[in-house]
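Below is one structure, written out as structure tokens; comments come after it.
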Amino acid sequence: MRKILEDVVAIPVACETNRYVACFTSMLMCIEKLHAGLDAAMCVKKQSLCTECGDCGETIENTLGAKHERLYNHYLTVSGANLQTYAVEETMSYAGYEYVRVDRDAGEQALKERIVASIDQGRPVPVRIANSAENWNLVTGYDDDGAVLFGWDGRDSYWADSSAGRAPEKDGYLADRMFYLRDWYKSTEFALIVTGKTKPRSGNQDVYRRLIAAIEAEKATFDAIVESLQQEAASTMGIDELNALLAASTGILYNQIDARYMASCSFRTTYYAEAPDGQRPVMSEIARHFLQIHDLSWEVFGALGDKVDVFYHVSQYVETLRKPEVRKQMAQLIQRISGHNSQAADLLRGIVAQPACCSDPSPG
């Protein structure tokens, strides 16, 4: 018997880079039935859901894509705003989900039974795939008692760029671009099964503390980058040393561009709306700092050349790093990024120091 859940948003929507959070968002929207009253409008410029960006000049409101994007931004911030990791407990506890992790070691039959039961209960299943660039897949259906799984892997999106030539390949894709895979057990690490709903085990104060901790941990890295860029010896470094300096100087910025932008969106919308009137100006100021970090990080790439090309092909610009004026500009920009992070952390500390005055948020 085949069963495929309806009303599961295909991932990713827009620039959703963290694959776990993208899967989690679609799972949450399905479980909480957050599709009601939303229009599944398609972007006239891209083959994706409309996110109400306004680039087409049209005024479209309450779209499915915009809802997914807002929740993704929110839960990426909940997770600690780190694109390089996934934060299962942080996101599940904030949403108030009870869950179990079923590992491959439990055996094929046990894993299959848990996935099938979850789908039968209307709950999609995030699955971690080994040795695969996409890593996270969202299972949304099954056939033949679980011998075949259906779901979303983002292969039709920009995620495919990092998935090319990597195993496991899916057996195929349906007309709506949902994958199907029969021999799935051999490449599965574990599945996350939501088993029920309870009171959220964490709230906004916990999110703010995680952000403060992340910013504090990054400060030493930023200081070291600035010190390295200010070394006169960089002009005469060997190519291996120069490549290492370039990687160290720019690697942290990818997360700053993406995660800090998402956090800026969340503080401007979700956290602003949930805050008491007296805290709302602070939420706006935190959002401003995070947006400045996003913009300044792009400027660092721009100091080396065309910022978009540098972003995607940074190693091709290694020789540009020999120029003292380039390193000086990069160091100054990175100091400003670190400063905005510190100012945002100070504002967050002020909020954390105040008594909690808002109820825990709902996933919607």
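Ordered as shown in the structure tokens, chains take letters A, B, and onward, while each chain numbers its residues from 1 and ligands are numbered from 1 in the order shown.
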Where in region 63-102 of chain A does DSSP assign strand (DSSP E or B), given as a short mmCIF file (atom, residue, chain, number, x, y, z; two decimals) with N, CA, C and O atoms, in the first residue's frame?
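Final output, result_17.cif:
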data_model
loop_
_atom_site.label_atom_id
_atom_site.label_comp_id
_atom_site.auth_asym_id
_atom_site.auth_seq_id
_atom_site.Cartn_x
_atom_site.Cartn_y
_atom_site.Cartn_z
N THR A 63 1.51 33.90 1.62
CA THR A 63 1.89 32.78 0.75
C THR A 63 2.56 31.68 1.56
O THR A 63 3.17 31.91 2.61
N TYR A 97 8.13 19.29 21.05
CA TYR A 97 7.95 17.95 20.50
C TYR A 97 8.70 16.92 21.35
O TYR A 97 9.87 17.11 21.70
N GLU A 98 8.01 15.84 21.65
CA GLU A 98 8.68 14.65 22.15
C GLU A 98 9.12 13.84 20.94
O GLU A 98 8.40 13.76 19.94
N TYR A 99 10.30 13.27 21.01
CA TYR A 99 10.81 12.56 19.84
C TYR A 99 11.79 11.48 20.27
O TYR A 99 12.29 11.48 21.40
N VAL A 100 12.04 10.57 19.37
CA VAL A 100 13.08 9.57 19.58
C VAL A 100 13.96 9.53 18.35
O VAL A 100 13.52 9.79 17.23
N ARG A 101 15.21 9.26 18.59
CA ARG A 101 16.17 9.04 17.50
C ARG A 101 16.32 7.53 17.32
O ARG A 101 16.70 6.82 18.26
N VAL A 102 15.99 7.05 16.14
CA VAL A 102 16.09 5.62 15.86
C VAL A 102 17.28 5.40 14.95
O VAL A 102 17.28 5.80 13.77
#
- Task: Write out as a PyMOL selection string each polymer residue whose atoms come within 12 Å of Thr270 (chain A), counting only C-alpha atoms; drop sequence neighbours fewer than 2 positions from it.
- Result: chain A and resi 67+69-75+77-78+204+262-268+272-275+280+283-284+287+361-364
- Task: Among the residues of region 101-229 of chain A, find those DSSP assigns to alpha helix (DSSP H) from the backbone and print them as an NGL selection string.
- Result: :A and (108-120 or 204-229)
Since we have the selection now, will you write its residues out, keeping N, CA, C and O atoms, as a compact mmCIF listing (two decimals), in the first residue's frame?
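Result went into result_13.txt, see below:
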# COMPACT_ATOMS: atom_id res chain seq x y z
N GLU A 108 16.86 -2.91 10.43
CA GLU A 108 16.04 -2.43 9.32
C GLU A 108 14.55 -2.50 9.64
O GLU A 108 13.81 -1.56 9.37
N GLN A 109 14.09 -3.58 10.24
CA GLN A 109 12.67 -3.73 10.50
C GLN A 109 12.18 -2.70 11.50
O GLN A 109 11.11 -2.10 11.33
N ALA A 110 12.96 -2.49 12.56
CA ALA A 110 12.57 -1.51 13.58
C ALA A 110 12.52 -0.11 13.01
O ALA A 110 11.58 0.66 13.28
N LEU A 111 13.50 0.24 12.20
CA LEU A 111 13.54 1.56 11.59
C LEU A 111 12.36 1.73 10.63
O LEU A 111 11.69 2.77 10.62
N LYS A 112 12.11 0.70 9.85
CA LYS A 112 11.01 0.75 8.89
C LYS A 112 9.68 0.92 9.62
O LYS A 112 8.83 1.74 9.22
N GLU A 113 9.45 0.17 10.68
CA GLU A 113 8.19 0.24 11.41
C GLU A 113 7.96 1.62 12.00
O GLU A 113 6.83 2.14 11.98
N ARG A 114 9.02 2.25 12.54
CA ARG A 114 8.86 3.57 13.14
C ARG A 114 8.56 4.63 12.08
O ARG A 114 7.74 5.53 12.30
N ILE A 115 9.20 4.52 10.93
CA ILE A 115 8.95 5.49 9.86
C ILE A 115 7.53 5.34 9.33
O ILE A 115 6.81 6.33 9.16
N VAL A 116 7.11 4.10 9.08
CA VAL A 116 5.75 3.85 8.57
C VAL A 116 4.71 4.35 9.57
O VAL A 116 3.71 5.00 9.19
N ALA A 117 4.91 4.04 10.85
CA ALA A 117 3.94 4.47 11.86
C ALA A 117 3.85 5.99 11.94
O ALA A 117 2.76 6.55 12.10
N SER A 118 4.98 6.67 11.80
CA SER A 118 4.98 8.13 11.84
C SER A 118 4.21 8.72 10.65
O SER A 118 3.41 9.64 10.82
N ILE A 119 4.44 8.18 9.48
CA ILE A 119 3.71 8.64 8.30
C ILE A 119 2.22 8.38 8.47
O ILE A 119 1.37 9.22 8.14
N ASP A 120 1.86 7.22 9.00
CA ASP A 120 0.45 6.89 9.23
C ASP A 120 -0.21 7.88 10.20
O ASP A 120 -1.41 8.11 10.15
N ASN A 204 12.48 31.66 24.43
CA ASN A 204 13.29 32.70 23.82
C ASN A 204 14.54 33.03 24.64
O ASN A 204 15.59 33.32 24.08
N GLN A 205 14.41 33.00 25.97
CA GLN A 205 15.58 33.30 26.81
C GLN A 205 16.72 32.33 26.52
O GLN A 205 17.89 32.72 26.50
N ASP A 206 16.39 31.07 26.28
CA ASP A 206 17.41 30.08 25.94
C ASP A 206 18.04 30.38 24.59
O ASP A 206 19.25 30.21 24.40
N VAL A 207 17.22 30.82 23.65
CA VAL A 207 17.73 31.19 22.33
C VAL A 207 18.72 32.34 22.46
O VAL A 207 19.81 32.32 21.86
N TYR A 208 18.37 33.35 23.23
CA TYR A 208 19.24 34.51 23.40
C TYR A 208 20.57 34.10 24.04
O TYR A 208 21.63 34.59 23.64
N ARG A 209 20.51 33.21 25.01
CA ARG A 209 21.75 32.75 25.66
C ARG A 209 22.65 32.01 24.67
O ARG A 209 23.87 32.15 24.71
N ARG A 210 22.05 31.20 23.80
CA ARG A 210 22.86 30.48 22.81
C ARG A 210 23.52 31.46 21.83
O ARG A 210 24.67 31.26 21.43
N LEU A 211 22.79 32.48 21.45
CA LEU A 211 23.37 33.48 20.55
C LEU A 211 24.53 34.21 21.23
O LEU A 211 25.57 34.45 20.60
N ILE A 212 24.35 34.56 22.47
CA ILE A 212 25.44 35.22 23.21
C ILE A 212 26.67 34.31 23.26
O ILE A 212 27.80 34.76 23.01
N ALA A 213 26.45 33.03 23.56
CA ALA A 213 27.56 32.08 23.64
C ALA A 213 28.26 31.93 22.29
O ALA A 213 29.50 31.86 22.22
N ALA A 214 27.47 31.89 21.21
CA ALA A 214 28.06 31.77 19.87
C ALA A 214 28.91 32.99 19.54
O ALA A 214 30.02 32.87 18.99
N ILE A 215 28.42 34.15 19.86
CA ILE A 215 29.15 35.39 19.58
C ILE A 215 30.43 35.45 20.41
O ILE A 215 31.50 35.84 19.91
N GLU A 216 30.34 35.07 21.68
CA GLU A 216 31.53 35.07 22.54
C GLU A 216 32.59 34.10 22.00
O GLU A 216 33.78 34.41 22.01
N ALA A 217 32.15 32.95 21.52
CA ALA A 217 33.09 31.96 20.98
C ALA A 217 33.76 32.46 19.71
O ALA A 217 34.92 32.11 19.43
N GLU A 218 33.05 33.26 18.94
CA GLU A 218 33.60 33.75 17.67
C GLU A 218 34.58 34.90 17.85
O GLU A 218 35.41 35.15 16.97
N LYS A 219 34.50 35.60 18.97
CA LYS A 219 35.31 36.81 19.14
C LYS A 219 36.81 36.52 19.01
O LYS A 219 37.54 37.25 18.33
N ALA A 220 37.28 35.46 19.66
CA ALA A 220 38.70 35.12 19.59
C ALA A 220 39.11 34.80 18.16
O ALA A 220 40.23 35.15 17.73
N THR A 221 38.22 34.17 17.41
CA THR A 221 38.51 33.87 16.01
C THR A 221 38.66 35.15 15.19
O THR A 221 39.59 35.29 14.39
N PHE A 222 37.75 36.09 15.39
CA PHE A 222 37.84 37.37 14.68
C PHE A 222 39.13 38.10 15.05
O PHE A 222 39.80 38.67 14.18
N ASP A 223 39.48 38.10 16.32
CA ASP A 223 40.71 38.78 16.76
C ASP A 223 41.93 38.17 16.09
O ASP A 223 42.84 38.88 15.65
N ALA A 224 41.95 36.84 16.01
CA ALA A 224 43.09 36.16 15.38
C ALA A 224 43.16 36.46 13.88
O ALA A 224 44.25 36.62 13.32
N ILE A 225 42.00 36.54 13.22
CA ILE A 225 41.98 36.86 11.80
C ILE A 225 42.56 38.25 11.56
O ILE A 225 43.39 38.46 10.66
N VAL A 226 42.11 39.21 12.35
CA VAL A 226 42.61 40.58 12.19
C VAL A 226 44.11 40.64 12.39
O VAL A 226 44.84 41.27 11.62
N GLU A 227 44.61 39.96 13.43
CA GLU A 227 46.04 39.96 13.69
C GLU A 227 46.83 39.34 12.54
O GLU A 227 47.88 39.85 12.13
N SER A 228 46.30 38.26 11.97
CA SER A 228 46.98 37.60 10.85
C SER A 228 47.01 38.48 9.61
O SER A 228 48.01 38.53 8.90
N LEU A 229 45.90 39.16 9.34
CA LEU A 229 45.84 40.03 8.16
C LEU A 229 46.77 41.23 8.29
O LEU A 229 47.21 41.80 7.28
- Task: Please identify all polymer residues within 6 Å of region 179-195 of chain A, counting only C-alpha atoms, omitting same-chain residues fewer than 3 positions from it, and present them as a ChimeraX atom specification.
- Result: /A:98-104,126-130,147-151,170-173
- One residue among A:Cys56, A:Val88, A:Ile286, A:Ala248 is nearest to Arg19 (chain A) when using only C-alpha atoms, and that residue is A:Val88
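Using only C-alpha atoms, the smallest distance between any of A:Asn243, A:Thr17, A:Ser297, A:Gln343 and Trp159 (chain A) comes from A:Thr17.
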- Could you pull the residues within 12 Å of Gln256 (chain A), counting only C-alpha atoms, minus those fewer than 5 positions along the same chain, as a PyMOL selection string? chain A and resi 81-84+214-215+218+222+250-251+261-264+289-298+300+334+337-338+340-341
Output N, CA, C and O atoms for every residue in the selection just made, as a compact mmCIF listing (two decimals), in the first residue's frame.
# COMPACT_ATOMS: atom_id res chain seq x y z
N ALA A 81 21.96 29.43 15.22
CA ALA A 81 22.40 30.18 14.04
C ALA A 81 23.75 29.71 13.54
O ALA A 81 24.59 30.50 13.14
N ASN A 82 23.97 28.41 13.54
CA ASN A 82 25.21 27.86 13.02
C ASN A 82 24.87 26.94 11.85
O ASN A 82 24.28 25.88 12.03
N LEU A 83 25.30 27.34 10.67
CA LEU A 83 24.93 26.58 9.48
C LEU A 83 25.69 25.27 9.36
O LEU A 83 25.33 24.41 8.56
N GLN A 84 26.75 25.10 10.13
CA GLN A 84 27.59 23.93 9.96
C GLN A 84 27.13 22.73 10.80
O GLN A 84 27.68 21.65 10.69
N ALA A 214 27.47 31.89 21.21
CA ALA A 214 28.06 31.77 19.87
C ALA A 214 28.91 32.99 19.54
O ALA A 214 30.02 32.87 18.99
N ILE A 215 28.42 34.15 19.86
CA ILE A 215 29.15 35.39 19.58
C ILE A 215 30.43 35.45 20.41
O ILE A 215 31.50 35.84 19.91
N GLU A 218 33.05 33.26 18.94
CA GLU A 218 33.60 33.75 17.67
C GLU A 218 34.58 34.90 17.85
O GLU A 218 35.41 35.15 16.97
N PHE A 222 37.75 36.09 15.39
CA PHE A 222 37.84 37.37 14.68
C PHE A 222 39.13 38.10 15.05
O PHE A 222 39.80 38.67 14.18
N THR A 250 38.22 34.08 5.56
CA THR A 250 36.90 34.14 4.91
C THR A 250 35.95 33.03 5.36
O THR A 250 34.74 33.16 5.23
N GLY A 251 36.49 31.94 5.90
CA GLY A 251 35.64 30.79 6.22
C GLY A 251 34.50 31.12 7.16
O GLY A 251 33.36 30.67 6.96
N TYR A 261 21.91 37.02 8.81
CA TYR A 261 20.79 37.60 8.07
C TYR A 261 19.47 36.98 8.53
O TYR A 261 18.48 37.69 8.74
N MET A 262 19.46 35.67 8.68
CA MET A 262 18.24 34.99 9.14
C MET A 262 17.86 35.47 10.54
O MET A 262 16.68 35.69 10.85
N ALA A 263 18.88 35.64 11.40
CA ALA A 263 18.61 36.14 12.74
C ALA A 263 18.06 37.56 12.69
O ALA A 263 17.15 37.92 13.46
N SER A 264 18.59 38.37 11.80
CA SER A 264 18.08 39.73 11.63
C SER A 264 16.60 39.71 11.27
O SER A 264 15.80 40.47 11.83
N HIS A 289 21.97 45.36 13.92
CA HIS A 289 23.36 44.90 14.05
C HIS A 289 23.61 43.65 13.22
O HIS A 289 24.62 43.54 12.52
N PHE A 290 22.68 42.70 13.28
CA PHE A 290 22.86 41.46 12.53
C PHE A 290 22.83 41.72 11.01
O PHE A 290 23.57 41.08 10.26
N LEU A 291 21.99 42.64 10.57
CA LEU A 291 21.95 42.97 9.15
C LEU A 291 23.25 43.65 8.72
O LEU A 291 23.76 43.39 7.63
N GLN A 292 23.81 44.49 9.59
CA GLN A 292 25.10 45.13 9.29
C GLN A 292 26.20 44.07 9.14
O GLN A 292 27.07 44.19 8.27
N ILE A 293 26.16 43.06 9.98
CA ILE A 293 27.14 41.97 9.88
C ILE A 293 27.04 41.28 8.54
O ILE A 293 28.06 40.99 7.89
N HIS A 294 25.82 41.01 8.10
CA HIS A 294 25.59 40.41 6.78
C HIS A 294 26.20 41.27 5.68
O HIS A 294 26.96 40.80 4.82
N ASP A 295 25.90 42.57 5.72
CA ASP A 295 26.37 43.47 4.66
C ASP A 295 27.89 43.63 4.68
O ASP A 295 28.54 43.63 3.62
N LEU A 296 28.47 43.77 5.86
CA LEU A 296 29.92 43.94 5.97
C LEU A 296 30.66 42.68 5.55
O LEU A 296 31.76 42.76 4.97
N SER A 297 30.09 41.52 5.81
CA SER A 297 30.73 40.26 5.39
C SER A 297 30.83 40.20 3.87
O SER A 297 31.85 39.76 3.33
N TRP A 298 29.78 40.65 3.19
CA TRP A 298 29.86 40.72 1.73
C TRP A 298 30.95 41.69 1.28
O TRP A 298 31.65 41.44 0.29
N VAL A 300 33.75 42.23 2.73
CA VAL A 300 35.05 41.56 2.86
C VAL A 300 35.37 40.79 1.59
O VAL A 300 36.48 40.86 1.05
N ILE A 334 36.44 43.30 9.18
CA ILE A 334 36.22 42.21 10.13
C ILE A 334 36.16 42.73 11.56
O ILE A 334 35.39 42.23 12.39
N ILE A 337 32.68 43.91 11.93
CA ILE A 337 31.77 42.77 12.09
C ILE A 337 31.79 42.29 13.54
O ILE A 337 30.74 42.08 14.17
N SER A 338 33.00 42.13 14.08
CA SER A 338 33.13 41.69 15.47
C SER A 338 32.48 42.69 16.42
O SER A 338 31.84 42.30 17.40
N HIS A 340 29.91 44.75 15.78
CA HIS A 340 28.45 44.64 15.72
C HIS A 340 27.96 43.39 16.46
O HIS A 340 26.92 43.42 17.12
N ASN A 341 28.72 42.29 16.35
CA ASN A 341 28.37 41.09 17.10
C ASN A 341 28.38 41.37 18.60
O ASN A 341 27.47 40.97 19.34
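Reported to one decimal place, the separation of CA of Thr25 (chain A) from CA of Met92 (chain A) is 10.8 Å.
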- Query: Which residue gives the smallest distance to Gly302 (chain A) among A:Met330, A:Ala234, A:Val318, A:Val8, with only C-alpha atoms counted?
  - Reply: A:Met330
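Of the residues listed (A:Ala247, A:Glu89, A:Ile252, A:Ile257), A:Ala247 shows the shortest atom-to-atom separation from His313 (chain A); distances use only C-alpha atoms.
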